[in-house]
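Have a look at the structure below, then the notes.
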There are 2 protein chains.
Amino acid sequence: MAQNDLSILRHSAAHLAAQAILELYPGTLLTIGPATEEGFFYDFLPPRNLKEEDLHAIEERMHELSKKNYPLKHRDISKDEARALFKNNPFKLEMIDEIPSDMVGLSEQGDFKDLCRGGHVTSTGEIKHFKLLGLSGSYWRADKSKQALQRIHGTAFFTAEELSAFEKHQEDLLQYDHRRLGKQLDYFSLHDDAAGFPFFHPKGQQIIMTLMAYMRQLHKEYDYKEIATPTVLNADLWRRSGHYHHYKENMYFSEIDGTQYAIKPMNCPGAFLIFGHHPRSYRELPLKLAEFGHVHRFELSGVLHGLLRVRAFTIDDTHIFCTLEQVEQEILKILEIAFRVLKKCDFTSINLAVSTRPAKSMGSDAEWKLATKALEDALTKFGQPFAIQEGEGAFYGPKIEIVIKDAMGRAWQTGTVQVDFFQAQNFDLTYVSAEGKQERPVIIHQAIYGSLERFFAILLEHYKGHLPFWLAPVQIRILTITEGQDAYAQDLYARLKKEGMRVEVDLSSDKITSKVKSAQLAKIPWMLVVGNKEVEAGTVSIRYADGKQELGVSLDVLLKKAHELNAV
Amino acid sequence: MAQNDLSILRHSAAHLAAQAILELYPGTLLTIGPATEEGFFYDFLPPRNLKEEDLHAIEERMHELSKKNYPLKHRDISKDEARALFKNNPFKLEMIDEIPSDMVGLSEQGDFKDLCRGGHVTSTGEIKHFKLLGLSGSYWRADKSKQALQRIHGTAFFTAEELSAFEKHQEDLLQYDHRRLGKQLDYFSLHDDAAGFPFFHPKGQQIIMTLMAYMRQLHKEYDYKEIATPTVLNADLWRRSGHYHHYKENMYFSEIDGTQYAIKPMNCPGAFLIFGHHPRSYRELPLKLAEFGHVHRFELSGVLHGLLRVRAFTIDDTHIFCTLEQVEQEILKILEIAFRVLKKCDFTSINLAVSTRPAKSMGSDAEWKLATKALEDALTKFGQPFAIQEGEGAFYGPKIEIVIKDAMGRAWQTGTVQVDFFQAQNFDLTYVSAEGKQERPVIIHQAIYGSLERFFAILLEHYKGHLPFWLAPVQIRILTITEGQDAYAQDLYARLKKEGMRVEVDLSSDKITSKVKSAQLAKIPWMLVVGNKEVEAGTVSIRYADGKQELGVSLDVLLKKAHELNAV
């Protein structure tokens, strides 16, 4: 069946939920109940606030109504008839008033009647494989100033297998939630004393440092230069950048010597001040200034979510100062870097889109045409398909968005590449051209990871906690079978540490089975099991996280393999 | 002559300056004029404010008075006689009142009379080799609420050679001022939009990163674990740590969700929250949590000074959680690390002092005795002499201060090691002992660099800008003699870069002499000069920053040497 049929099924399931609610909680006022990408919801105003515990009864009643196999009928009725039917429901009356045609749709199943455009299965018996997922708050017309409602979420499938796969997926999402993994693996913590400001424990910080070190190697390869700019800057600077006017409500402020200062929400102005610090020549272009800039942005406490939505994070923030002619080649290199990073992190679905000139924008037509063409030409040369999002660029220039899908099928926007005509004017940045003239550089804003904290969380969920060898905070744990191997294990430990490996050794008196279990729980990629046989042969046995084993591996082979996995 | 005689000469020079001022600016009221470690000063209230331009005339007059070779006479007179002599000078009258004996000292040279305890050279002719250094503001009794005065600074020596060496040293201080070098070498900048918050340009940031990477290698060797904690924390946390009460005026504040938050001035509370996040066992001790923590502290804009005194800086901040018994061994290791770091940075004068229990302090006598003994035992075992500063410890425990002298003879306190009984109680930190009891850990606060920004500035001045190979932001520059060597130079560049060297190549059409000069100005340790001879032989010629050369060096030898210099 086509995708569209699933929407029909789910919209019908929303009606079924509404019917059940109305029977269980008479007097409930229904509003709307559409299908969504993941299932359906229905917004309603119950006579008393429903709770999560009520979901079970509603689901039971839905099954009963399904078994009754009511035919789903749909017909058009006059607005007057509709108004009479829904005379006690002000929401429906408002909807009827807004429908432009004279007639409105009515759907019926048993006693249940709802205002509806149609598109249903033929009888309630077809809606068998469904599940209610939760209750949340909503507002009529999604407008906070209007009536508060309750929303019931659910999903429905055509087969029991599909529903069961969905349920397994939901369990995975829960089990591999980065907040849960982060706690289990002692990677990071969140504290009430600093809501939205994460604390990285040693292993979590190791992962962040590995991500940074990897990006720094790429920076070196591609001739980026790292800078560091202050966290706190005069509010005047943010006025010049436009952030004070457009972004003030997301910024934190302090006062020094009676002057207003802001904690930086973005790193751009710092890079601009360094570019503008002394005269620049075209010979220096493209000048690529990279910063691991720690930024602070206000978020409502209600939307904070582990490391995915925080109030302070570090961006791998890069500003490339170049000529318009250099834009294409630079974009091409950025895409190269982005794909190297994302493929190294085992993302196989990477989607690109170019957002073009919006209605309200600055710069000349010629500049926009050139820049947009440069983006498109670079993408074409790069050989990856890309979508065009007409008019969705920033007011200061077109941009590329990089969207990845993780192992659990969720889409994440990570990288962005923005071409900017605007800030070089705001900050009066110039370079001397080959002809000796003062020219404005084009600025390309580049972020590959985006927020390192968020990227870390995505990776943790994407890998279900099993980070690959190069990224794992502890790469190797040596496990002895008896204390007879202690000296050998300690030598091995010292040797591997000297080679730059992140290694631990378990010399406890625990049995080897419990040592293996403990290493598995810590999700360590390689366990080196050392018994008398290994000591005699001067080898190790590698037990991988997936359970596979390699026996009698020489240290040279082990090191070669480990160094290969660690290489950029 | 003994040190003491120099003080006598300088104090006499102060009198000479006062005599000259009184002659040139009649009506000036004199106060006091002592010798100092570096020379002398005299505080006075002139009829009009003197300016730097006036110093020349005063110095000239001092030379004239010296040539007149007045004998310096000293005698005791009665207080009444003194009051009559100084009846127009309220400062002197106040001083006379405060002298406990009946008689006061009077010194005379020509017409000039001054109240003085004595200790002078025999005649003004002995004061020949002096120099006035500047004017500044001061207050009577160094009390801001009292009369504002002017202070003249100068110095004096017995010989022309000594004065000339001093003047050379002063020139060096000016020439090798890190602010001047930082600008010349494009290492960092300071901006009005962020007074006290430095901006690190690519080469400066490279130096900071090299310092951090070096410390991280030591962290790894000594089993420190790196963490990262938030920049912004709830004010309540700072109340718990005591900073809110004792340190509030040095902190910056912001508000989030109607709650007061502070930008951290110290990293300790973050480390404490991580230690306290889950139950700890004695098996985990000593637990060494390291953080390159970026802290913000308020300083008056008037005292800001390049990178030496800033409003935000990064500390190599380490908190060791251990038992009281472990303190000695941990201190010993910290001293080992500190000396490795400071010797690597070519500091040859390193002085240590232990500060013991102050009058007002917490903890039991037994604890203090144990901890102080642990510090002293560790220092004794370490085998370096150390001073005892009785009663100068912090109220929460004893500490070790590490003071270095740089190549220009100036003393800097860099590292500190503090033993802390206090914060584990404030933050209710515990571990389970081998006996299964809840115990409080002792916390050792360790910083080796201290402020990385400040240490960077000290190094820059200490090395007079000529950073050693391992620390130089650009280690090697390849210089071609003609374009015939371009391909060879580029190969060499790629090879050295791949080996992890920080390398540049100068393929410009400039003459080799001007290429060498440009590399010298950039203070690059190694210049690799490449001509036809080198291309044919497959070698390079190394020209070091000090002008020495090595011809016909093979790449293998070059790399071996470079890697050795880069090694920890």
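Labeling convention for the structure tokens: chains A, B, ... as they appear, residues from 1 per chain, ligands from 1 in order of appearance.
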
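Using only C-alpha atoms, the contacts of Glu94 in chain B at a cut-off of 12 Å, with sequence neighbours closer than 2 positions omitted, comprise Thr31, Ile32, Lys79, Ala82, Arg83, Phe86, Lys87, Asn88, Asn89, Pro90, Phe91, Lys92, Ile96, Asp97, Glu98, Ile99, Leu115, Trp140 and Arg141 of chain B.
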
Using only C-alpha atoms and a cut-off of 6 Å, which residues of chain B sit close to chain A? Please list them as number ranges by chain.
B: 193-194, 197, 199-202, 205, 225-230, 233-234, 253-254

Which residues come within 10 Å of Gly363 in chain B, counting only C-alpha atoms, excluding same-chain residues fewer than 5 positions away, as a ChimeraX atom specification?
/B:368,395-397,420-422

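Computed from the coordinates, the CA of Asn267 in chain B to CA of Ile207 in chain A distance equals 20.7 Å.
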
Helix (DSSP H, G or I) call set, DSSP backbone run, range 133-349 of chain B, as a VMD selection string:
chain B and resid 140 to 142 160 to 175 178 to 184 192 to 194 202 to 221 235 to 241 243 to 246 248 to 250 268 to 275 282 to 284 301 to 303 324 to 344

Can you tell me, as a PyMOL selection string, what residues are no more than 10 Å from Asp510 in chain A when counting only C-alpha atoms, ignoring any on the same chain fewer than 2 positions away?
chain A and resi 479-482+506-508+512-516

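Nearest to Gly306 in chain A of all the residues A:Glu390, A:Glu336, A:Glu367, A:Glu453 is A:Glu453, counting only C-alpha atoms.
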
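For the pair CA of Asp172 in chain A and CA of Ser7 in chain A, the separation is 24.1 Å.
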
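Around Ala487 in chain B, within 12 Å and counting only C-alpha atoms, the residues found are Ile478, Thr480, Thr482, Leu492, Tyr493, Ala494, Val505, Leu507, Val530, Gly531, Asn532 and Val535 of chain B, once anything fewer than 5 positions away on its own chain is removed.
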
What would the file look like if the residues just selected were written as a compact mmCIF listing (two decimals), in the first residue's frame with N, CA and C atoms?
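Final file, result27.txt:
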```txt
# COMPACT_ATOMS: atom_id res chain seq x y z
N ILE B 478 61.29 27.07 5.23
CA ILE B 478 62.16 26.65 4.13
C ILE B 478 62.35 27.85 3.20
N THR B 480 64.05 29.15 -0.35
CA THR B 480 64.71 28.78 -1.61
C THR B 480 65.60 29.94 -2.07
N THR B 482 66.67 30.19 -5.48
CA THR B 482 66.01 30.58 -6.74
C THR B 482 64.81 29.67 -6.95
N LEU B 492 59.76 18.94 0.47
CA LEU B 492 60.29 18.99 1.82
C LEU B 492 59.21 19.50 2.78
N TYR B 493 58.50 20.54 2.35
CA TYR B 493 57.42 21.12 3.14
C TYR B 493 56.36 20.06 3.48
N ALA B 494 55.94 19.33 2.44
CA ALA B 494 54.89 18.32 2.63
C ALA B 494 55.37 17.24 3.59
N VAL B 505 56.94 27.70 3.97
CA VAL B 505 57.91 27.72 2.88
C VAL B 505 57.85 29.09 2.21
N LEU B 507 58.63 30.83 -1.04
CA LEU B 507 58.96 30.66 -2.45
C LEU B 507 58.95 31.99 -3.18
N VAL B 530 67.73 26.26 0.95
CA VAL B 530 67.78 25.25 -0.11
C VAL B 530 68.28 25.89 -1.40
N GLY B 531 69.49 25.51 -1.83
CA GLY B 531 70.02 25.96 -3.12
C GLY B 531 70.23 24.75 -4.01
N ASN B 532 70.88 24.97 -5.13
CA ASN B 532 71.10 23.85 -6.06
C ASN B 532 71.92 22.73 -5.44
N VAL B 535 69.70 20.58 -3.41
CA VAL B 535 68.81 19.78 -4.26
C VAL B 535 69.57 18.59 -4.81
```

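One finds CA of Gly27 in chain B at 16.4 Å from CA of Ala84 in chain B.
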
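Using only C-alpha atoms, the nearest neighbour of Met62 in chain A within the list A:Glu38, A:Asp546, A:Glu23, A:Asp428 is A:Glu23.
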
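Candidate residues A:Gln549, A:Gln329, A:Gln418, A:Ser349 were compared for distance to Lys381 in chain A, and the nearest is A:Gln329, using only C-alpha atoms.
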
Among range 182-399 of chain A, which ones does DSSP assign to strand (DSSP E or B) (computed from the backbone)? Answer as a ChimeraX atom specification.
/A:188-189,199-200,225-226,228,232-234,252-256,259-263,281,287-296,305,309,312-322,349-355,386-389,394,397,399
